[in-house]
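Okay, structure first, notes after.
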Amino acid sequence: MKNLDIAKILYNIADILELQEVLFKPLAYRKVALALESLSEDAGDIYTKGGLKALMEIPGVGEHIAVKMEEIIQTGKLKYYDDLKKEIKVDIEQLNKIPTLGPKKIKLLYQELGIKTVDDLEKAILQGKLRDLHGFGEETEKNLLKGIELIKTRPQRFLYAHALPLVQEITRRLQQGDGVQRVEITGSFRRGKETVGDLDFLVISDKAEKVVNLFTAMPDVKEVLAKGSTRSSVRLTNGLQVDLRVLKEKEFGSAMLYFIGNKEHNVELRKLALRKGYTLSEYGLFRLKGKRWVAGRTEDEVYKKLGLQYIEPELRENTGEIPAAMKGILPRLVTAKDINGVFHNHSIWSDGNNSLLEMAQKAEQLGLKFISFNDHFGHMGITNPLNEKRLTGYLKEIEKVRKKVGLRVLSGVEIDILKDGTLPLSAKKLKEFDVVIASVHVSLKMSEEEMTKRVCNALENYPLNILGHPTGRILNEREPMAINLERVFDVAKRRNVFMEINGSPGRMDLSGLQVKAAKEAGCLFALSTDGHDISHLPFYRLGVLSARRGWLEKKDLLNHWSIKRIEKALKE
Ligand code: DGT
Ligand code: CA
Ligand code: CA
Ligand code: ZN
C-alpha cells in the first residue's frame, strides 16, 4: 500500500463519518490524509523501522489512527472501513470523483433523495429531482451531468507528483536487475508534464529477459498487459500503466530521443534528418544511402549530427525548440538550485496545518533564504480567512518569527478578487504588506469577457505583486476558468505584477505552455508552493518543472533574485 492509497481510505472514512454526522473525527482523518499525501517516506517503511510509535510521529496521527494504519500496512485492508461502507451503502469513492460534488452535497443528496450511487444521481437529475433542493438548481444539475459524463468517458491521468514516488521505486528495483547498466524514465514524465498517461522506462542491459521478468514480478503489478523478450507493459494496483524497453548501449541515445518525445517533436526531428540525408528511428541515425549507422549512443550525438544544440526534455514539445536549437539560441533553463525562496504559504492563521514558525523553520532547513506568508484574506468561509481585526495579531506574530529564524520572512496575504474586480481591503492597507497575492476563489463561472474584466480591474486598481493561480484549474477536477490570458498578461506586465507559477501538485497553474506565452508577452514570474503544511514546502520543485517547460531562465524568476532586489521590485 502506498501513502496515497492509505490517504484515499482515510479521506473516504472522513466522508462517511461526516454523512453519519460524527463530529470532529472527519477533520482528524482528513488531516492525516493530507500529511500522508506529501510525505516523502513510505508509511510502510516508517512502520517497519519504528512500529506504531514511528507512525505516531506523522503529523496528526494519534493512537487510534496509527492502529488503523498498521492494519492497512499489514493486510492491505481495514475492517473498520469495510464495515463503515456496508453500514452506509453510499458509494462515496465514485461519487467523490465527480467534480463539484463534495462530502456536504453527497450527504444532502443521500438524506433528501436516498442517492447512493452515480447511477442513482444521474437518474435523479434526469427526472429533475435535484433542482428544488437547497443549494442546487438547474445550473448545478447541468454541471453534475457534465461531471458524470466526464468520469464515465475520461481516461484518468495521474498527477506528476503522485507518479513521482512510483518512478523512484521502479527505478530502484530495475537498477538491481542482472546486468543493468542504466535505467531512465522517459515519456511525458521526463518532459515534466503535470499529468502523465502512463510511465515509460528504458533500461540498458545485456540480459533483457531477466530484466523483463524482474519488471513483471514487481509487488505492485496487478496485471501483465504484454510481455516479450525485450519489452513489457504492466498495470499497477493503482491503475497506472508502466511500459518497459530493454536496449543495447549503441541504440540508447536514439531510443531516449524517441521515447522522451513528444510525438510532434519526433516527427520534426525525422523530417530534419531526411533533409540532411539521414533517416532517424529509435534504433539510430543512419545514412539514407546504404543505411550505414552514424549515431545513436547518446542524445547529444544525434542532435549534433542534425546541427542542433542539445534540447532539454521539458522543451521537446515542438513549440519552437527545433528552430531555436538550429540557431543555437535555446534558453539556459532555470533549475531547482536557482530557487532562493518561496512565495504563497499558508499557516494556521487561515487554512494551513502548521504555525508560521514551523513553516519558516522548515523552509530554513530546506536551505531557502526567504519565505513569504500569504494567508487567506477575504470572504471564503471554509478557509478561515483573515479579517481586518485579526490582521494585527498576524503581523505581530510574523514579526516574532523573524527574530527566531535565520531566513528572511516576508509578510503578506492571498486576497480574494471579488466578483466585481474589487478587493476586500483598501489599496492603502495593502501597501503595509511585503507581498500581496490576489486570486480568484469564488464565482468561477463567468463569461470570458466578465472574468477577464474582473481580473484586469483588480490588476489595474490595486498595488498587487502576484496574480495567484491565474486559471483556477484543479487537475482532473476543475477546468480552467474562462479568461483571456493575453489581455491579463499585458496588464500584468504594465503594472509590474508577477504571474504565479503555482507548484501545488493539483494546480500547476500557470501550465508550462501558458508560462511560455506569458514570457513572450514580457511578463516576469513568482514561483510558489501554495503550502498548507510543512510537507508542502518542497513542492516548489514541481513549479520549477513548469518554469522549465515555459522556457524560463533564472532571470525571469523573482525567486532567484537577491532579497534586496526582490524587496525593491515588490515596492514598484
Ligand atoms: P502520456 O503517456 O499520454 O502522458 O504521453 P507520452 O508522451 O508519454 O506518450 P506515450 O507514452 O504514448 O509515448 C511515449 C513516447 O513515445 C512519446 O513521448 C513519444 C513516443 N511516441 C509515441 N507514439 C509515437 C508515434 O506514433 N510516433 C513517434 N514518432 N513517436 C511516438
Ligand atoms: Ca507515457
Ligand atoms: Ca507509453
Ligand atoms: Zn488560492
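Labels for the C-alpha cells follow display order: chains A, B, ..., residues from 1 in each chain, ligands from 1.
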Site check for ligand 2: residues at most 6 Å away, only C-alpha atoms and all ligand atoms, as number ranges by chain: A: 187-188, 197-200
Shell of 8 Å around ligand 1 (only C-alpha atoms and all ligand atoms), written as a list in words: Arg157, Thr186, Gly187, Ser188, Phe189, Lys193, Thr195, Val196, Gly197, Asp198, Leu199, Asp200, Asp243, Tyr258, Phe259, Ile260, Gly261, Asn262, Lys263, Glu264, His265, Asn266 and Val267 of chain A
Preceding selection exported with N, CA and C atoms as a PDB file, in the first residue's frame:
```
ATOM      1  N   ARG A 157      -5.784  10.653 -15.944  1.00  0.00           N
ATOM      2  CA  ARG A 157      -4.344  10.816 -15.987  1.00  0.00           C
ATOM      3  C   ARG A 157      -3.841  11.001 -14.556  1.00  0.00           C
ATOM      4  N   THR A 186      11.338   7.972 -19.296  1.00  0.00           N
ATOM      5  CA  THR A 186      11.188   8.816 -20.492  1.00  0.00           C
ATOM      6  C   THR A 186       9.737   9.322 -20.548  1.00  0.00           C
ATOM      7  N   GLY A 187       9.205   9.517 -21.764  1.00  0.00           N
ATOM      8  CA  GLY A 187       7.800   9.914 -21.916  1.00  0.00           C
ATOM      9  C   GLY A 187       7.476  11.255 -21.279  1.00  0.00           C
ATOM     10  N   SER A 188       6.161  11.457 -21.079  1.00  0.00           N
ATOM     11  CA  SER A 188       5.680  12.740 -20.564  1.00  0.00           C
ATOM     12  C   SER A 188       6.253  13.056 -19.181  1.00  0.00           C
ATOM     13  N   PHE A 189       6.529  12.001 -18.393  1.00  0.00           N
ATOM     14  CA  PHE A 189       7.087  12.244 -17.058  1.00  0.00           C
ATOM     15  C   PHE A 189       8.440  12.942 -17.183  1.00  0.00           C
ATOM     16  N   LYS A 193       5.722  16.907 -17.531  1.00  0.00           N
ATOM     17  CA  LYS A 193       4.323  17.264 -17.716  1.00  0.00           C
ATOM     18  C   LYS A 193       3.552  17.124 -16.410  1.00  0.00           C
ATOM     19  N   THR A 195       0.624  16.082 -15.716  1.00  0.00           N
ATOM     20  CA  THR A 195      -0.055  14.794 -15.557  1.00  0.00           C
ATOM     21  C   THR A 195       0.538  13.809 -16.569  1.00  0.00           C
ATOM     22  N   VAL A 196       0.481  12.532 -16.230  1.00  0.00           N
ATOM     23  CA  VAL A 196       1.017  11.526 -17.149  1.00  0.00           C
ATOM     24  C   VAL A 196      -0.028  10.448 -17.431  1.00  0.00           C
ATOM     25  N   GLY A 197      -0.062  10.006 -18.689  1.00  0.00           N
ATOM     26  CA  GLY A 197      -0.984   8.936 -19.078  1.00  0.00           C
ATOM     27  C   GLY A 197      -0.439   7.591 -18.647  1.00  0.00           C
ATOM     28  N   ASP A 198       0.838   7.369 -18.893  1.00  0.00           N
ATOM     29  CA  ASP A 198       1.496   6.164 -18.399  1.00  0.00           C
ATOM     30  C   ASP A 198       2.970   6.477 -18.216  1.00  0.00           C
ATOM     31  N   LEU A 199       3.723   5.517 -17.680  1.00  0.00           N
ATOM     32  CA  LEU A 199       5.160   5.711 -17.468  1.00  0.00           C
ATOM     33  C   LEU A 199       5.931   4.884 -18.477  1.00  0.00           C
ATOM     34  N   ASP A 200       7.040   5.405 -18.956  1.00  0.00           N
ATOM     35  CA  ASP A 200       7.839   4.720 -19.970  1.00  0.00           C
ATOM     36  C   ASP A 200       9.284   4.614 -19.495  1.00  0.00           C
ATOM     37  N   ASP A 243       5.320   1.032 -19.039  1.00  0.00           N
ATOM     38  CA  ASP A 243       5.943   0.359 -20.178  1.00  0.00           C
ATOM     39  C   ASP A 243       7.445   0.243 -19.957  1.00  0.00           C
ATOM     40  N   TYR A 258      13.500   9.052 -28.995  1.00  0.00           N
ATOM     41  CA  TYR A 258      12.184   8.603 -29.452  1.00  0.00           C
ATOM     42  C   TYR A 258      11.189   8.579 -28.301  1.00  0.00           C
ATOM     43  N   PHE A 259      11.602   8.014 -27.151  1.00  0.00           N
ATOM     44  CA  PHE A 259      10.615   7.812 -26.074  1.00  0.00           C
ATOM     45  C   PHE A 259      10.397   9.040 -25.196  1.00  0.00           C
ATOM     46  N   ILE A 260      11.335   9.968 -25.220  1.00  0.00           N
ATOM     47  CA  ILE A 260      11.054  11.202 -24.480  1.00  0.00           C
ATOM     48  C   ILE A 260      10.101  12.068 -25.297  1.00  0.00           C
ATOM     49  N   GLY A 261      10.249  12.021 -26.610  1.00  0.00           N
ATOM     50  CA  GLY A 261       9.273  12.662 -27.492  1.00  0.00           C
ATOM     51  C   GLY A 261       9.201  14.157 -27.312  1.00  0.00           C
ATOM     52  N   ASN A 262       8.018  14.821 -27.336  1.00  0.00           N
ATOM     53  CA  ASN A 262       6.747  14.169 -27.641  1.00  0.00           C
ATOM     54  C   ASN A 262       6.681  13.754 -29.122  1.00  0.00           C
ATOM     55  N   LYS A 263       5.579  13.236 -29.519  1.00  0.00           N
ATOM     56  CA  LYS A 263       5.431  12.714 -30.859  1.00  0.00           C
ATOM     57  C   LYS A 263       5.727  13.793 -31.910  1.00  0.00           C
ATOM     58  N   GLU A 264       5.184  14.992 -31.711  1.00  0.00           N
ATOM     59  CA  GLU A 264       5.350  16.068 -32.693  1.00  0.00           C
ATOM     60  C   GLU A 264       6.813  16.494 -32.808  1.00  0.00           C
ATOM     61  N   HIS A 265       7.497  16.501 -31.672  1.00  0.00           N
ATOM     62  CA  HIS A 265       8.931  16.816 -31.686  1.00  0.00           C
ATOM     63  C   HIS A 265       9.669  15.752 -32.508  1.00  0.00           C
ATOM     64  N   ASN A 266       9.311  14.482 -32.278  1.00  0.00           N
ATOM     65  CA  ASN A 266       9.952  13.383 -33.006  1.00  0.00           C
ATOM     66  C   ASN A 266       9.745  13.500 -34.509  1.00  0.00           C
ATOM     67  N   VAL A 267       8.512  13.823 -34.890  1.00  0.00           N
ATOM     68  CA  VAL A 267       8.192  13.928 -36.314  1.00  0.00           C
ATOM     69  C   VAL A 267       9.057  15.013 -36.972  1.00  0.00           C
TER      70      VAL A 267
END
```
Test item: residues no farther than 8 Å from ligand 4, counting only C-alpha atoms and all ligand atoms, as a list in words: His376, Glu414, Ser439, Val440, His441, Gly468, His469 and Asp530 of chain A
Near-Ala547 of chain A list (7 Å; only C-alpha atoms; drop same-chain fewer than 5 positions) as a list in words: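 Non-adjacent residues within range: Gly512, Val515 and Leu552 of chain A.
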N, CA, C and O atoms of the current selection, written as a PDB file, in the first residue's frame:
```pdb
ATOM      1  N   GLY A 512       3.024  24.998 -18.191  1.00  0.00           N
ATOM      2  CA  GLY A 512       4.247  25.336 -18.909  1.00  0.00           C
ATOM      3  C   GLY A 512       3.997  26.156 -20.173  1.00  0.00           C
ATOM      4  O   GLY A 512       4.651  27.166 -20.422  1.00  0.00           O
ATOM      5  N   VAL A 515       3.059  29.627 -19.332  1.00  0.00           N
ATOM      6  CA  VAL A 515       4.234  30.378 -18.872  1.00  0.00           C
ATOM      7  C   VAL A 515       4.989  30.907 -20.085  1.00  0.00           C
ATOM      8  O   VAL A 515       5.392  32.068 -20.139  1.00  0.00           O
ATOM      9  N   LEU A 552      11.788  29.299 -19.085  1.00  0.00           N
ATOM     10  CA  LEU A 552      12.294  30.355 -18.216  1.00  0.00           C
ATOM     11  C   LEU A 552      13.762  30.158 -17.865  1.00  0.00           C
ATOM     12  O   LEU A 552      14.230  29.043 -17.647  1.00  0.00           O
TER      13      LEU A 552
END
```
Distance criterion (only C-alpha atoms and all ligand atoms): nearest to ligand 3 out of A:Thr452, A:Ala324, A:Arg402, A:Arg190: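 So, comparing all the options, the nearest one is A:Arg190.
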Selected residue, from A:Met56, A:Leu240, A:Leu257, A:Val491, that lies nearest to ligand 3 when counting only C-alpha atoms and all ligand atoms: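 When distances to ligand 3 are compared using only C-alpha atoms and all ligand atoms, the smallest one comes from A:Leu240.
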Point-to-point distance in Å for atom CA of Tyr394 of chain A and atom CA of Ile348 of chain A: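 It comes out at 10.2 Å.
Ranking A:Glu317, A:Glu194, A:Thr237, A:Glu520 by their shortest atom-to-atom distance to Asn502 of chain A, with only C-alpha atoms included, puts A:Glu194 first.
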d(atom CA of Ile501 of chain A, atom CA of Lys555 of chain A) in Å: 14.7 Å
Nearby residues (only C-alpha atoms) at most 12 Å from segment 45-50 of chain A, same-chain spacing under 2 positions excluded, as a PyMOL selection string: chain A and resi 1-3+36+39-43+52-58+66-67+69-74
Exercise: Met326 of chain A partners within 12 Å, only C-alpha atoms, chain neighbours under 4 positions left out, as a PDB file with N, CA, C and O atoms, in the first residue's frame:
```
ATOM      1  N   LEU A 269      11.984  16.107 -35.932  1.00  0.00           N
ATOM      2  CA  LEU A 269      13.382  15.655 -35.972  1.00  0.00           C
ATOM      3  C   LEU A 269      13.621  14.750 -37.176  1.00  0.00           C
ATOM      4  O   LEU A 269      14.631  14.850 -37.861  1.00  0.00           O
ATOM      5  N   LEU A 272      13.805  16.695 -40.352  1.00  0.00           N
ATOM      6  CA  LEU A 272      15.086  17.378 -40.425  1.00  0.00           C
ATOM      7  C   LEU A 272      16.174  16.390 -40.845  1.00  0.00           C
ATOM      8  O   LEU A 272      17.015  16.697 -41.698  1.00  0.00           O
ATOM      9  N   TYR A 303      21.651  14.899 -31.853  1.00  0.00           N
ATOM     10  CA  TYR A 303      21.346  16.322 -32.059  1.00  0.00           C
ATOM     11  C   TYR A 303      22.498  17.004 -32.829  1.00  0.00           C
ATOM     12  O   TYR A 303      22.262  17.780 -33.752  1.00  0.00           O
ATOM     13  N   LYS A 304      23.736  16.699 -32.439  1.00  0.00           N
ATOM     14  CA  LYS A 304      24.902  17.334 -33.093  1.00  0.00           C
ATOM     15  C   LYS A 304      24.935  17.047 -34.578  1.00  0.00           C
ATOM     16  O   LYS A 304      25.113  17.944 -35.397  1.00  0.00           O
ATOM     17  N   LYS A 305      24.735  15.767 -34.927  1.00  0.00           N
ATOM     18  CA  LYS A 305      24.764  15.384 -36.348  1.00  0.00           C
ATOM     19  C   LYS A 305      23.679  16.113 -37.138  1.00  0.00           C
ATOM     20  O   LYS A 305      23.797  16.336 -38.341  1.00  0.00           O
ATOM     21  N   LEU A 306      22.593  16.442 -36.431  1.00  0.00           N
ATOM     22  CA  LEU A 306      21.497  17.146 -37.108  1.00  0.00           C
ATOM     23  C   LEU A 306      21.701  18.659 -37.072  1.00  0.00           C
ATOM     24  O   LEU A 306      20.845  19.428 -37.500  1.00  0.00           O
ATOM     25  N   GLY A 307      22.832  19.084 -36.514  1.00  0.00           N
ATOM     26  CA  GLY A 307      23.126  20.521 -36.473  1.00  0.00           C
ATOM     27  C   GLY A 307      22.349  21.262 -35.398  1.00  0.00           C
ATOM     28  O   GLY A 307      22.065  22.450 -35.535  1.00  0.00           O
ATOM     29  N   LEU A 308      21.998  20.542 -34.319  1.00  0.00           N
ATOM     30  CA  LEU A 308      21.190  21.162 -33.263  1.00  0.00           C
ATOM     31  C   LEU A 308      21.946  21.212 -31.944  1.00  0.00           C
ATOM     32  O   LEU A 308      22.751  20.340 -31.643  1.00  0.00           O
ATOM     33  N   GLN A 309      21.610  22.244 -31.146  1.00  0.00           N
ATOM     34  CA  GLN A 309      22.027  22.291 -29.754  1.00  0.00           C
ATOM     35  C   GLN A 309      21.328  21.159 -29.018  1.00  0.00           C
ATOM     36  O   GLN A 309      20.243  20.739 -29.441  1.00  0.00           O
ATOM     37  N   TYR A 310      21.852  20.706 -27.877  1.00  0.00           N
ATOM     38  CA  TYR A 310      21.133  19.748 -27.052  1.00  0.00           C
ATOM     39  C   TYR A 310      19.829  20.403 -26.575  1.00  0.00           C
ATOM     40  O   TYR A 310      19.818  21.553 -26.138  1.00  0.00           O
ATOM     41  N   ILE A 311      18.723  19.671 -26.679  1.00  0.00           N
ATOM     42  CA  ILE A 311      17.423  20.216 -26.265  1.00  0.00           C
ATOM     43  C   ILE A 311      16.982  19.518 -24.991  1.00  0.00           C
ATOM     44  O   ILE A 311      16.869  18.286 -24.947  1.00  0.00           O
ATOM     45  N   GLY A 320       8.720  25.346 -31.071  1.00  0.00           N
ATOM     46  CA  GLY A 320       9.741  26.309 -31.490  1.00  0.00           C
ATOM     47  C   GLY A 320      11.141  25.936 -31.035  1.00  0.00           C
ATOM     48  O   GLY A 320      12.111  26.634 -31.334  1.00  0.00           O
ATOM     49  N   GLU A 321      11.269  24.799 -30.307  1.00  0.00           N
ATOM     50  CA  GLU A 321      12.597  24.456 -29.780  1.00  0.00           C
ATOM     51  C   GLU A 321      13.559  24.013 -30.888  1.00  0.00           C
ATOM     52  O   GLU A 321      14.771  24.238 -30.774  1.00  0.00           O
ATOM     53  N   ILE A 322      13.036  23.412 -31.963  1.00  0.00           N
ATOM     54  CA  ILE A 322      13.947  22.918 -33.007  1.00  0.00           C
ATOM     55  C   ILE A 322      14.571  24.074 -33.799  1.00  0.00           C
ATOM     56  O   ILE A 322      15.803  24.141 -33.913  1.00  0.00           O
ATOM     57  N   LEU A 330      18.746  28.492 -27.699  1.00  0.00           N
ATOM     58  CA  LEU A 330      17.870  27.952 -26.647  1.00  0.00           C
ATOM     59  C   LEU A 330      18.192  28.621 -25.317  1.00  0.00           C
ATOM     60  O   LEU A 330      19.345  28.957 -25.055  1.00  0.00           O
TER      61      LEU A 330
END
```
Coordinates-based distance that separates atom CA of Thr335 of chain A from atom CA of Arg191 of chain A (Å, one decimal):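 That distance, rounded to one decimal, is 14.0 Å.
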Nearby residues (only C-alpha atoms) at most 9 Å from segment 132-145 of chain A, same-chain spacing under 5 positions excluded, as a ChimeraX atom specification: /A:98-101,105,108-109,112,121-122,125-126,150
Could the residues in this selection be saved with N, CA and C atoms as a tab-separated table (two decimals), in the first residue's frame?
```tsv
chain	number	residue	atom	x	y	z
A	98	ILE	N	-16.79	12.88	-8.91
A	98	ILE	CA	-17.50	13.85	-9.76
A	98	ILE	C	-17.09	15.26	-9.36
A	99	PRO	N	-16.55	16.04	-10.32
A	99	PRO	CA	-16.15	17.40	-9.98
A	99	PRO	C	-17.36	18.17	-9.45
A	100	THR	N	-17.16	19.12	-8.60
A	100	THR	CA	-18.19	19.96	-7.98
A	100	THR	C	-19.03	19.21	-6.93
A	101	LEU	N	-18.81	17.92	-6.75
A	101	LEU	CA	-19.57	17.20	-5.74
A	101	LEU	C	-18.65	16.85	-4.57
A	105	LYS	N	-22.47	17.93	-0.19
A	105	LYS	CA	-23.57	17.71	-1.14
A	105	LYS	C	-23.94	16.23	-1.20
A	108	LEU	N	-26.26	15.57	1.58
A	108	LEU	CA	-27.60	16.11	1.36
A	108	LEU	C	-28.37	15.24	0.36
A	109	LEU	N	-27.69	14.83	-0.70
A	109	LEU	CA	-28.34	14.01	-1.73
A	109	LEU	C	-28.82	12.68	-1.13
A	112	GLU	N	-31.83	13.54	1.47
A	112	GLU	CA	-33.07	14.04	0.89
A	112	GLU	C	-33.64	13.10	-0.16
A	121	LEU	N	-27.73	9.08	-9.02
A	121	LEU	CA	-27.63	10.53	-9.18
A	121	LEU	C	-28.05	10.93	-10.59
A	122	GLU	N	-27.57	10.19	-11.58
A	122	GLU	CA	-27.88	10.53	-12.97
A	122	GLU	C	-29.39	10.45	-13.19
A	125	ILE	N	-31.22	13.37	-11.58
A	125	ILE	CA	-31.06	14.63	-12.32
A	125	ILE	C	-31.99	14.63	-13.53
A	126	LEU	N	-31.99	13.51	-14.26
A	126	LEU	CA	-32.80	13.44	-15.47
A	126	LEU	C	-34.29	13.58	-15.15
A	150	LEU	N	-17.97	13.19	-17.68
A	150	LEU	CA	-16.51	13.28	-17.61
A	150	LEU	C	-15.90	12.03	-16.96
```
